[in-house]
Amino acid sequence: MKKLRVGVIGVGAMGKHHVRIYSEIRGVELVGVADSNEKTTKEVATEYHTEAFTDCENLLKQDLDAVISIAVPTSFHKDIALKAANYGVHMLIEKPIAESLESADAITNAARRENIKLMVGHIERFNPAILKLKELISAGELGELLSISCRRVGPYAPRIRDVGIIVDLAVHDIDAISYLYGKRAIKVYSIAGNSFHVEEDYASILLKYDDKKSGSVETNWLTPYKMRTLTATGTGGVASADYLEQSLDVWNSEGRRKVDIEKGEPLKKEIHHFLQSLINGTTPEPSGEDGKYTLYAAISAIESYKNGLSISLNM
């Protein structure tokens, strides 16, 4: 069977993990890696026995099946994605899909026009704790789901310069909440501000869904320790997930139950899902449209805190 020829664009902190995972997957040929940092690119290429490119277009010319666009500033996503589309290369773009809705539209339109698969890397959908929670919700173990609240706090990563915390971090939970509900929010309201970053570095976001369902996200770059948690409340019970520990506890009328979870690396699950979509001819999720909606909700949250208004979401 022919191997899938793949490449990785961007080999920073996250990109190196993509390279590592591809190098471990049978049936995949890692054709090359590309990054404007020549020294880093050569080091990564040497470590994983592949070819280094400082110009991503030279990598795209290598008859690829798929390319991962990651570890580059969000503002460069559109440029790289349009080049990949022009070469007919399927792509997994790290979240957020782009820096603006206009750029997101350009990316999704190009993917549709060239009939290529586009997936957006909202990695928390592939966290074993969230996958298990989705199963419990679908099985009705929490009754009717009414409220989902998330807390994503921790110290600032200096490499995040081009966007604020809502687009950089809150998008994870905006996507996760909508994924667990199986629907998109209809309204958003937020309070946020900046204490040291040029954009917002703390935010509280409230999402309204139909049927009076709600979602909330608390996030900041001010807390000296990392916390990533999600609590889902339904008429039949409450579930609490810890992204970092990959743990899930459920409380109901019978008391507390610790749910058995088969732990695993979310990024590896995400990449396997993407590759399977190429092999099986299915649509990968989160799709480009999912990524565009999440960006739309995040940008609307920014508009909300800047203007002190509740913003209706119509996508």
# chains A, B, ... in the order shown; residues from 1 in each chain; ligands from 1
>>> select_by_dssp(residues="stretch 11-172 of chain A", states="alpha helix (DSSP H)", output="JSON, numbers by chain")
{"A": [15, 16, 17, 18, 19, 20, 21, 22, 23, 24, 38, 39, 40, 41, 42, 43, 44, 45, 46, 47, 56, 57, 58, 59, 60, 77, 78, 79, 80, 81, 82, 83, 84, 85, 86, 101, 102, 103, 104, 105, 106, 107, 108, 109, 110, 111, 112, 113, 128, 129, 130, 131, 132, 133, 134, 135, 136, 137, 138, 165, 171, 172]}
>>> select_by_dssp(residues="stretch 68-222 of chain A", states="strand (DSSP E or B)", output="number ranges by chain")
A: 68-69, 90-94, 118-121, 145-155, 187-193, 202-208, 214-220, 222
>>> write_last_selection(atoms="N, CA and C atoms", output="short mmCIF file (atom, residue, chain, number, x, y, z; two decimals), in the first residue's frame")
data_model
loop_
_atom_site.label_atom_id
_atom_site.label_comp_id
_atom_site.auth_asym_id
_atom_site.auth_seq_id
_atom_site.Cartn_x
_atom_site.Cartn_y
_atom_site.Cartn_z
N ILE A 68 0.82 19.81 7.43
CA ILE A 68 0.35 20.38 8.69
C ILE A 68 0.92 21.78 8.80
N SER A 69 0.07 22.76 8.96
CA SER A 69 0.52 24.14 9.10
C SER A 69 0.41 24.53 10.56
N HIS A 90 -4.00 18.37 1.12
CA HIS A 90 -4.89 18.38 2.28
C HIS A 90 -4.15 18.95 3.48
N MET A 91 -4.88 19.61 4.40
CA MET A 91 -4.18 20.27 5.50
C MET A 91 -4.91 20.27 6.83
N LEU A 92 -4.09 20.18 7.85
CA LEU A 92 -4.52 20.35 9.24
C LEU A 92 -3.85 21.62 9.73
N ILE A 93 -4.67 22.63 10.02
CA ILE A 93 -4.16 23.92 10.46
C ILE A 93 -4.36 24.05 11.96
N GLU A 94 -3.32 24.41 12.68
CA GLU A 94 -3.46 24.59 14.13
C GLU A 94 -4.44 25.72 14.43
N LEU A 118 -9.82 19.90 4.92
CA LEU A 118 -9.30 20.91 5.83
C LEU A 118 -9.78 20.60 7.25
N MET A 119 -8.83 20.47 8.16
CA MET A 119 -9.14 20.23 9.57
C MET A 119 -8.46 21.30 10.40
N VAL A 120 -9.13 21.74 11.45
CA VAL A 120 -8.56 22.75 12.35
C VAL A 120 -8.20 22.06 13.67
N GLY A 121 -6.99 22.30 14.14
CA GLY A 121 -6.46 21.58 15.29
C GLY A 121 -6.94 22.04 16.65
N LEU A 145 -28.37 18.14 29.56
CA LEU A 145 -27.22 19.00 29.84
C LEU A 145 -27.65 20.46 29.80
N LEU A 146 -27.33 21.21 30.87
CA LEU A 146 -27.80 22.59 30.99
C LEU A 146 -26.68 23.61 31.04
N SER A 147 -25.54 23.23 31.64
CA SER A 147 -24.48 24.21 31.84
C SER A 147 -23.11 23.55 31.73
N ILE A 148 -22.18 24.24 31.07
CA ILE A 148 -20.79 23.78 30.98
C ILE A 148 -19.89 24.96 31.32
N SER A 149 -19.02 24.77 32.30
CA SER A 149 -18.11 25.85 32.69
C SER A 149 -16.66 25.36 32.61
N CYS A 150 -15.79 26.23 32.15
CA CYS A 150 -14.38 25.87 31.94
C CYS A 150 -13.46 26.87 32.62
N ARG A 151 -12.34 26.37 33.09
CA ARG A 151 -11.31 27.23 33.66
C ARG A 151 -9.98 26.87 33.02
N ARG A 152 -9.37 27.83 32.34
CA ARG A 152 -8.11 27.62 31.62
C ARG A 152 -7.19 28.78 31.98
N VAL A 153 -6.35 28.57 32.99
CA VAL A 153 -5.49 29.63 33.50
C VAL A 153 -4.06 29.12 33.62
N GLY A 154 -3.13 30.06 33.70
CA GLY A 154 -1.73 29.68 33.83
C GLY A 154 -0.81 30.83 33.49
N PRO A 155 0.49 30.60 33.57
CA PRO A 155 1.45 31.66 33.27
C PRO A 155 1.52 31.96 31.78
N LYS A 187 -25.36 33.52 21.40
CA LYS A 187 -25.04 34.85 21.95
C LYS A 187 -23.81 34.74 22.83
N VAL A 188 -23.01 35.81 22.89
CA VAL A 188 -21.83 35.82 23.74
C VAL A 188 -21.70 37.17 24.43
N TYR A 189 -21.26 37.12 25.68
CA TYR A 189 -20.96 38.33 26.46
C TYR A 189 -19.67 38.09 27.21
N SER A 190 -18.81 39.09 27.27
CA SER A 190 -17.54 38.88 27.98
C SER A 190 -17.06 40.14 28.67
N ILE A 191 -16.26 39.92 29.70
CA ILE A 191 -15.55 40.98 30.42
C ILE A 191 -14.07 40.60 30.36
N ALA A 192 -13.22 41.51 29.92
CA ALA A 192 -11.80 41.19 29.77
C ALA A 192 -10.97 42.46 29.85
N GLY A 193 -9.66 42.28 29.91
CA GLY A 193 -8.76 43.43 29.95
C GLY A 193 -7.32 42.98 29.85
N TYR A 202 -6.66 38.52 30.35
CA TYR A 202 -7.61 37.82 31.22
C TYR A 202 -9.01 38.05 30.67
N ALA A 203 -9.88 37.06 30.83
CA ALA A 203 -11.23 37.19 30.29
C ALA A 203 -12.19 36.23 30.97
N SER A 204 -13.44 36.66 31.08
CA SER A 204 -14.55 35.82 31.50
C SER A 204 -15.59 35.90 30.40
N ILE A 205 -15.95 34.75 29.85
CA ILE A 205 -16.83 34.70 28.68
C ILE A 205 -18.07 33.88 29.02
N LEU A 206 -19.23 34.41 28.66
CA LEU A 206 -20.49 33.70 28.86
C LEU A 206 -21.14 33.45 27.51
N LEU A 207 -21.44 32.18 27.23
CA LEU A 207 -22.07 31.78 25.97
C LEU A 207 -23.50 31.33 26.22
N LYS A 208 -24.41 31.79 25.39
CA LYS A 208 -25.80 31.36 25.50
C LYS A 208 -26.15 30.46 24.32
N SER A 214 -26.15 27.09 28.83
CA SER A 214 -25.11 28.09 28.94
C SER A 214 -23.72 27.47 28.94
N GLY A 215 -22.75 28.29 28.60
CA GLY A 215 -21.35 27.91 28.67
C GLY A 215 -20.55 29.08 29.20
N SER A 216 -19.55 28.80 30.01
CA SER A 216 -18.73 29.89 30.54
C SER A 216 -17.27 29.50 30.49
N VAL A 217 -16.42 30.49 30.24
CA VAL A 217 -14.98 30.28 30.15
C VAL A 217 -14.27 31.33 30.99
N GLU A 218 -13.45 30.89 31.92
CA GLU A 218 -12.56 31.79 32.68
C GLU A 218 -11.14 31.50 32.23
N THR A 219 -10.42 32.52 31.81
CA THR A 219 -9.06 32.29 31.33
C THR A 219 -8.17 33.48 31.66
N ASN A 220 -6.90 33.22 31.93
CA ASN A 220 -5.94 34.31 32.15
C ASN A 220 -4.51 33.81 32.01
N LEU A 222 -2.27 35.11 34.14
CA LEU A 222 -1.78 35.71 35.39
C LEU A 222 -1.56 34.69 36.49
#
>>> closest_residue(among="A:Ala129, A:Val238, A:Ser310, A:Ser287", to="A:Lys263", atoms="only C-alpha atoms")
A:Ala129
>>> atom_distance(atom1="atom CA of A:Gly10", atom2="atom CA of A:Asp35")
4.9 Å
>>> residues_around(residues="A:Val44", least_positions_apart="3", cutoff="9 Å", atoms="only C-alpha atoms", output="PyMOL selection string")
chain A and resi 11+16+19+33+39-41+47-50+52
>>> residues_around(residues="A:Leu295", least_positions_apart="3", cutoff="12 Å", atoms="only C-alpha atoms", output="PyMOL selection string")
chain A and resi 74+95-105+120+122+163+166-175+288-292+298-302+313+315
>>> residues_around(residues="A:Arg5", least_positions_apart="6", cutoff="6 Å", atoms="only C-alpha atoms", output="NGL selection string")
:A and (29 or 64-65)
>>> closest_residue(among="A:Gly12, A:Pro73, A:Pro286, A:Gly7", to="A:Lys61", atoms="only C-alpha atoms")
A:Gly7
>>> residues_around(residues="A:Glu51", least_positions_apart="6", cutoff="9 Å", atoms="only C-alpha atoms", output="PyMOL selection string")
chain A and resi 30-34+41-42+45+59
>>> atom_distance(atom1="atom CA of A:Ala185", atom2="atom CA of A:Asn109")
23.1 Å
>>> atom_distance(atom1="atom CA of A:Gly234", atom2="atom CA of A:Arg257")
15.6 Å
>>> closest_residue(among="A:Ala111, A:Leu4, A:Ile116, A:Cys56", to="A:Thr282", atoms="only C-alpha atoms")
A:Ile116
>>> residues_around(residues="A:Ser253", least_positions_apart="5", cutoff="12 Å", atoms="only C-alpha atoms", output="VMD selection string")
chain A and resid 141 to 143 235 to 238
>>> write_last_selection(atoms="N, CA, C and O atoms", output="short mmCIF file (atom, residue, chain, number, x, y, z; two decimals), in the first residue's frame")
data_model
loop_
_atom_site.label_atom_id
_atom_site.label_comp_id
_atom_site.auth_asym_id
_atom_site.auth_seq_id
_atom_site.Cartn_x
_atom_site.Cartn_y
_atom_site.Cartn_z
N GLU A 141 -26.29 9.95 30.63
CA GLU A 141 -25.93 9.73 32.03
C GLU A 141 -26.02 10.99 32.88
O GLU A 141 -26.09 10.90 34.11
N LEU A 142 -25.99 12.17 32.25
CA LEU A 142 -26.13 13.41 33.01
C LEU A 142 -27.52 14.00 32.88
O LEU A 142 -27.78 15.11 33.36
N GLY A 143 -28.43 13.27 32.25
CA GLY A 143 -29.76 13.81 31.99
C GLY A 143 -29.67 14.87 30.91
O GLY A 143 -28.85 14.78 29.99
N THR A 235 -29.45 17.61 34.40
CA THR A 235 -30.55 17.34 35.33
C THR A 235 -30.35 16.02 36.08
O THR A 235 -30.96 15.79 37.13
N GLY A 236 -29.44 15.16 35.59
CA GLY A 236 -29.23 13.88 36.24
C GLY A 236 -27.87 13.69 36.86
O GLY A 236 -27.57 12.63 37.41
N GLY A 237 -27.04 14.72 36.82
CA GLY A 237 -25.71 14.58 37.42
C GLY A 237 -24.75 15.66 36.97
O GLY A 237 -25.07 16.50 36.11
N VAL A 238 -23.58 15.64 37.58
CA VAL A 238 -22.52 16.61 37.28
C VAL A 238 -21.25 15.84 36.97
O VAL A 238 -20.91 14.87 37.66
#
